[in-house]
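Only one structure is covered here, and it is reproduced in the block below.
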Amino acid sequence: MTIVPHSLESRSGSFIDNMRLPVHRWFRFSAGFSAQWVESLLSEHAPLNDKVVLDPFAGSGTTLLASDVVSVRSIGVEAHPFLVKIARAKLWWWISVEEFLDAAFKVLNTAKQLLKTGQERESYPDLIMRTISLQNLSKLDALKKAWETHHDLSPSSHLVWLAITSIIRQSSFSGTAQWQYVLPKKRKKTVLDPLEAYMRQIEMMSQDMRQMQFLVNGTSKAILYHSDARSFPEVRTNSVHIVVTSPPYANNFDYADALRLEMSFWGEVRSWGELHEAVRKYLIVSSSQHASREKLILDQLLSSELLNPIKGEISEVCKRLAEERLRHGGRKHYHTMIAAYFIDMARVWRELRRVCSTPCDLYFVIGDSAPYGVYVPVHRWLKKLALSSGFDIAEYRKLRDRNVKWKNRKHRVPLQEGILHIKG
């Protein structure tokens, strides 16, 4: 396995360090991983001149931006439409800072004028009304209307959109749970004035752009597709040399719900119920909400040939989950979630085998799972699915224990996070 500094590798599954890095910190998406670890890992593969890096779960663009820093071509694939907008905006780090500032101040001045004239605020979904004060919402609404007035599809306009998007939570009095779920009943101590937060964000983004442009000579070499990790025909066969990614964990985190506040503000969803049709149904099945909404049937899932390499093991675990759920009030659909998750991941491995050259290196930051206290050996099963898809070598290395600090844990099953390194 490629050797990277231990201090970086041990924190590879954490996004928190990225909040100190230029451009990465423009928007916090907790379900990410360390950009510095990616940079170090890619540097070990030098020379990178003719190589292409792929992230099939591109998220907010960590791998793509890290690839820009080390001047290697990269491709991202992301199914979440709102995350695609965020990542694409970040990838405009290389444009003229003066052009960006000009667009940003046009929006600010127009917003101030709208506030002076007292223009009527538009109607917002219930989540927005329950988490943002009327005073702050009026200012956010003015920024939104001003942006819509000046939006011309230019890179600068996309960056200003991201600046407004990034301050929505700062302007809300609602707390945020781990993994970015909004908690309307939890009040936080610090709430920023939207116009002040906007100016801070613009200043920080302009400084980061200058720093990134100083570090990297040229434009971004990244391409981002709004597509599905299970099938992305936009990427040519045998064209990828290195894959660095972190797939969704099978731990019931609802990736669609994590951005509901921002999507509600921009009018992309009006309620929690709309999230499924707008986002969730296009993602890898990794939450019980997804499995229940799709009305998945366990026997049909377990009959899939995609699960043949792990058939006996996964059948036993899913049937235990089917029995265990009856003992719990929520009766969550973990049994079908787990089966569907590994079917989806088997499809991902097959698509990666198509696009990857020979030789190739793939690095997956992964975590295991224990819904209702039933252990799911994610790393072992993903290894078997990878090898059955045509890859040659699979090595797993544990990085850290997970969830050991949670006081409200419902089970005592040890969980871990690690790196699955695949070669082919």
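Naming scheme: A, B, ... for chains in displayed order of the structure tokens; residues 1 onward per chain; ligands 1 onward as shown.
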Stretch 249-253 of chain A: which residues within 6 Å, counting only C-alpha atoms, same-chain residues fewer than 4 positions away excluded, as a CSV table (one decimal) with N, CA and C atoms, in the first residue's frame?
```
chain,number,residue,atom,x,y,z
A,286,SER,N,-28.6,4.0,1.5
A,286,SER,CA,-27.8,3.9,2.7
A,286,SER,C,-28.5,4.3,3.9
A,287,SER,N,-29.8,4.6,3.8
A,287,SER,CA,-30.7,5.0,4.9
A,287,SER,C,-32.0,4.1,4.9
A,288,SER,N,-32.5,3.9,6.1
A,288,SER,CA,-33.8,3.2,6.2
A,288,SER,C,-34.9,3.9,5.5
A,369,SER,N,-20.8,-0.9,10.1
A,369,SER,CA,-22.1,-0.6,10.5
A,369,SER,C,-22.6,-1.7,11.5
```
So that I can check the secondary structure, give me every residue of stretch 97-149 of chain A assigned alpha helix (DSSP H) by backbone DSSP, as number ranges by chain.
A: 97-117, 126-131, 134-149
Leaving out A:Ile310 and any residue of its chain fewer than 4 positions from it, which residues lie within 10 Å of it when counting only C-alpha atoms, given as a PyMOL selection string?
chain A and resi 306+314-315+342+380-382+384-385
Give me the residues within 12 Å of A:Gln135 as a short mmCIF file (atom, residue, chain, number, x, y, z; two decimals) with N, CA and C atoms, in the first residue's frame, counting only C-alpha atoms and dropping any in the same chain fewer than 5 places off.
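Once written, out-v6.cif looks like this:
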```cif
data_model
loop_
_atom_site.label_atom_id
_atom_site.label_comp_id
_atom_site.auth_asym_id
_atom_site.auth_seq_id
_atom_site.Cartn_x
_atom_site.Cartn_y
_atom_site.Cartn_z
N LEU A 115 -34.01 46.34 0.55
CA LEU A 115 -34.38 46.46 1.96
C LEU A 115 -34.90 47.86 2.28
N GLY A 118 -38.42 48.23 1.06
CA GLY A 118 -39.37 47.39 1.77
C GLY A 118 -40.13 46.42 0.88
N ARG A 121 -41.41 40.17 1.08
CA ARG A 121 -40.63 38.93 1.11
C ARG A 121 -41.44 37.80 0.49
N MET A 129 -39.10 29.14 8.05
CA MET A 129 -39.81 30.02 8.97
C MET A 129 -39.56 29.64 10.43
N LEU A 140 -31.77 37.86 4.03
CA LEU A 140 -31.41 36.75 3.14
C LEU A 140 -32.25 36.78 1.88
N ASP A 141 -33.52 37.09 2.04
CA ASP A 141 -34.42 37.17 0.89
C ASP A 141 -33.98 38.27 -0.07
N ALA A 142 -33.54 39.40 0.49
CA ALA A 142 -33.06 40.49 -0.35
C ALA A 142 -31.81 40.08 -1.12
N SER A 171 -26.87 32.45 9.66
CA SER A 171 -27.92 33.42 9.91
C SER A 171 -29.12 32.82 10.62
N SER A 172 -29.09 31.51 10.85
CA SER A 172 -30.20 30.81 11.49
C SER A 172 -29.96 30.66 12.99
N PHE A 173 -31.03 30.74 13.77
CA PHE A 173 -30.90 30.53 15.22
C PHE A 173 -31.00 29.06 15.58
N VAL A 191 -25.67 33.96 16.32
CA VAL A 191 -26.40 34.12 15.06
C VAL A 191 -25.89 35.38 14.39
N LEU A 192 -25.43 35.26 13.15
CA LEU A 192 -24.84 36.40 12.46
C LEU A 192 -25.89 37.17 11.66
N ASP A 193 -25.67 38.45 11.53
CA ASP A 193 -26.47 39.28 10.62
C ASP A 193 -26.13 38.86 9.19
N PRO A 194 -27.12 38.57 8.35
CA PRO A 194 -26.84 38.06 7.00
C PRO A 194 -25.93 38.95 6.15
N LEU A 195 -26.12 40.25 6.22
CA LEU A 195 -25.28 41.15 5.41
C LEU A 195 -23.83 41.14 5.90
#
```
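Interatomic distance, atom CA of A:Arg397 to atom CA of A:Met345: 19.4 Å.
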Report as a short mmCIF file (atom, residue, chain, number, x, y, z; two decimals) with C-alpha atoms, in the first residue's frame all protein, DNA and RNA residues lying within 9 Å of A:Arg73, evaluated on only C-alpha atoms, omitting residues in the same chain fewer than 2 positions from it.
```cif
data_model
loop_
_atom_site.label_atom_id
_atom_site.label_comp_id
_atom_site.auth_asym_id
_atom_site.auth_seq_id
_atom_site.Cartn_x
_atom_site.Cartn_y
_atom_site.Cartn_z
CA LEU A 48 1.13 12.60 -12.50
CA ASN A 49 1.39 14.24 -15.92
CA ASP A 50 -0.54 11.58 -17.85
CA LYS A 51 -2.75 10.29 -15.03
CA VAL A 52 -6.45 10.86 -14.36
CA VAL A 53 -7.98 10.79 -10.87
CA LEU A 54 -11.62 9.85 -10.31
CA LEU A 64 -11.16 17.43 -7.26
CA SER A 67 -6.11 17.17 -7.49
CA ASP A 68 -5.95 20.79 -8.64
CA SER A 71 -1.86 19.69 -10.88
CA ILE A 75 -13.10 13.64 -12.83
CA SER A 220 -8.83 23.90 -12.63
CA LYS A 221 -8.19 20.57 -14.35
CA ALA A 222 -11.32 19.01 -12.91
CA ILE A 223 -14.49 17.90 -14.67
#
```
Contacts of stretch 77-83 of chain A at 6 Å (only C-alpha atoms; same-chain gap of 5+ positions) as a PDB file with N, CA and C atoms, in the first residue's frame:
```pdb
ATOM      1  N   PRO A  56     -15.938   8.896  -7.680  1.00  0.00           N
ATOM      2  CA  PRO A  56     -17.322   8.607  -8.080  1.00  0.00           C
ATOM      3  C   PRO A  56     -18.360   9.087  -7.074  1.00  0.00           C
ATOM      4  N   PHE A  57     -17.914   9.537  -5.898  1.00  0.00           N
ATOM      5  CA  PHE A  57     -18.793  10.153  -4.898  1.00  0.00           C
ATOM      6  C   PHE A  57     -18.190  11.512  -4.556  1.00  0.00           C
ATOM      7  N   ALA A  58     -18.249  12.432  -5.499  1.00  0.00           N
ATOM      8  CA  ALA A  58     -17.461  13.661  -5.429  1.00  0.00           C
ATOM      9  C   ALA A  58     -17.892  14.600  -4.310  1.00  0.00           C
ATOM     10  N   GLY A  59     -19.141  14.511  -3.845  1.00  0.00           N
ATOM     11  CA  GLY A  59     -19.583  15.358  -2.741  1.00  0.00           C
ATOM     12  C   GLY A  59     -19.373  16.830  -3.022  1.00  0.00           C
ATOM     13  N   SER A  60     -18.729  17.535  -2.091  1.00  0.00           N
ATOM     14  CA  SER A  60     -18.493  18.969  -2.262  1.00  0.00           C
ATOM     15  C   SER A  60     -17.160  19.268  -2.930  1.00  0.00           C
ATOM     16  N   LEU A 224     -16.616  17.798 -13.518  1.00  0.00           N
ATOM     17  CA  LEU A 224     -17.602  17.225 -12.605  1.00  0.00           C
ATOM     18  C   LEU A 224     -18.877  16.909 -13.363  1.00  0.00           C
ATOM     19  N   TYR A 225     -19.330  15.657 -13.254  1.00  0.00           N
ATOM     20  CA  TYR A 225     -20.563  15.220 -13.898  1.00  0.00           C
ATOM     21  C   TYR A 225     -21.662  15.024 -12.855  1.00  0.00           C
ATOM     22  N   HIS A 226     -22.843  15.516 -13.166  1.00  0.00           N
ATOM     23  CA  HIS A 226     -24.015  15.190 -12.347  1.00  0.00           C
ATOM     24  C   HIS A 226     -24.518  13.841 -12.861  1.00  0.00           C
ATOM     25  N   SER A 227     -24.063  12.790 -12.211  1.00  0.00           N
ATOM     26  CA  SER A 227     -24.352  11.449 -12.697  1.00  0.00           C
ATOM     27  C   SER A 227     -24.373  10.473 -11.524  1.00  0.00           C
ATOM     28  N   ASP A 228     -24.489   9.187 -11.835  1.00  0.00           N
ATOM     29  CA  ASP A 228     -24.697   8.132 -10.851  1.00  0.00           C
ATOM     30  C   ASP A 228     -23.459   7.255 -10.763  1.00  0.00           C
TER      31      ASP A 228
END
```
I'd like the neighbourhood of A:Arg187 as number ranges by chain, where a residue qualifies if any of its atoms comes within 12 Å (using only C-alpha atoms), though same-chain residues fewer than 3 positions away should be ignored.
A: 130-133, 172-177, 182-184, 190-191
Please build the interface table for stretch 125-225 of chain A against stretch 259-268 of chain A with a cut-off of 10 Å, listing for each qualifying residue the nearest atom pair and the distance in Å to one decimal; count only C-alpha atoms, order rows by chain and increasing number, and write it as a tab-separated table.
```
residue	atom	partner	partner_atom	distance
A:Pro125	CA	A:Ser264	CA	6.3
A:Asp126	CA	A:Ser264	CA	8.8
A:Leu127	CA	A:Leu261	CA	7.0
A:Ile128	CA	A:Phe265	CA	6.6
A:Met129	CA	A:Phe265	CA	9.8
A:Thr131	CA	A:Leu261	CA	8.9
A:Leu137	CA	A:Phe265	CA	9.6
A:Leu140	CA	A:Phe265	CA	9.1
A:Asp141	CA	A:Phe265	CA	8.8
A:Lys144	CA	A:Trp266	CA	8.1
A:Ile164	CA	A:Glu262	CA	9.7
A:Thr165	CA	A:Glu262	CA	6.5
A:Ser166	CA	A:Glu262	CA	8.5
A:Ile167	CA	A:Glu262	CA	9.6
A:Ile168	CA	A:Glu262	CA	6.8
A:Arg169	CA	A:Leu261	CA	7.9
A:Ser172	CA	A:Leu261	CA	9.8
A:Trp179	CA	A:Leu259	CA	9.8
A:Gln180	CA	A:Leu259	CA	7.4
A:Tyr181	CA	A:Leu259	CA	7.8
A:Val182	CA	A:Leu261	CA	7.1
```
With 9 Å as the cut-off and only C-alpha atoms counted, what is the closest atom pair between each nearby residue of stretch 74-103 of chain A and stretch 22-36 of chain A? Distances in Å to one decimal, ordered by chain and number, as JSON lines.
```
{"residue": "A:Leu83", "atom": "CA", "partner": "A:Phe29", "partner_atom": "CA", "distance": 8.9}
{"residue": "A:Ile86", "atom": "CA", "partner": "A:Phe27", "partner_atom": "CA", "distance": 7.7}
{"residue": "A:Lys90", "atom": "CA", "partner": "A:Val23", "partner_atom": "CA", "distance": 6.4}
{"residue": "A:Leu91", "atom": "CA", "partner": "A:Val23", "partner_atom": "CA", "distance": 8.6}
{"residue": "A:Trp93", "atom": "CA", "partner": "A:Val23", "partner_atom": "CA", "distance": 7.1}
```
Run DSSP on the backbone and give me the residues of stretch 174-386 of chain A it puts in strand (DSSP E or B), as a PyMOL selection string.
chain A and resi 174-176+182-187+222-226+228+231+240-245+356-367+369+376
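Compared by their closest atoms to A:Tyr341, and using only C-alpha atoms, the residues A:Leu159, A:Val378, A:Val72, A:Leu321 rank with A:Val378 nearest.
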Would you compute the distance between atom CA of A:Asp254 and atom CA of A:Val38? Give it in Å to one decimal.
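Separation of atom CA of A:Asp254 and atom CA of A:Val38: 25.0 Å.
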Suppose you want the space between atom CA of A:Val240 and atom CA of A:Asp361; what is it in Å?
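That distance, rounded to one decimal, is 9.3 Å.
Proximity to A:Glu313 was assessed for A:Ile338, A:Ala291, A:Ile419, A:Ile393 counting only C-alpha atoms; the smallest distance is recorded for A:Ile338.
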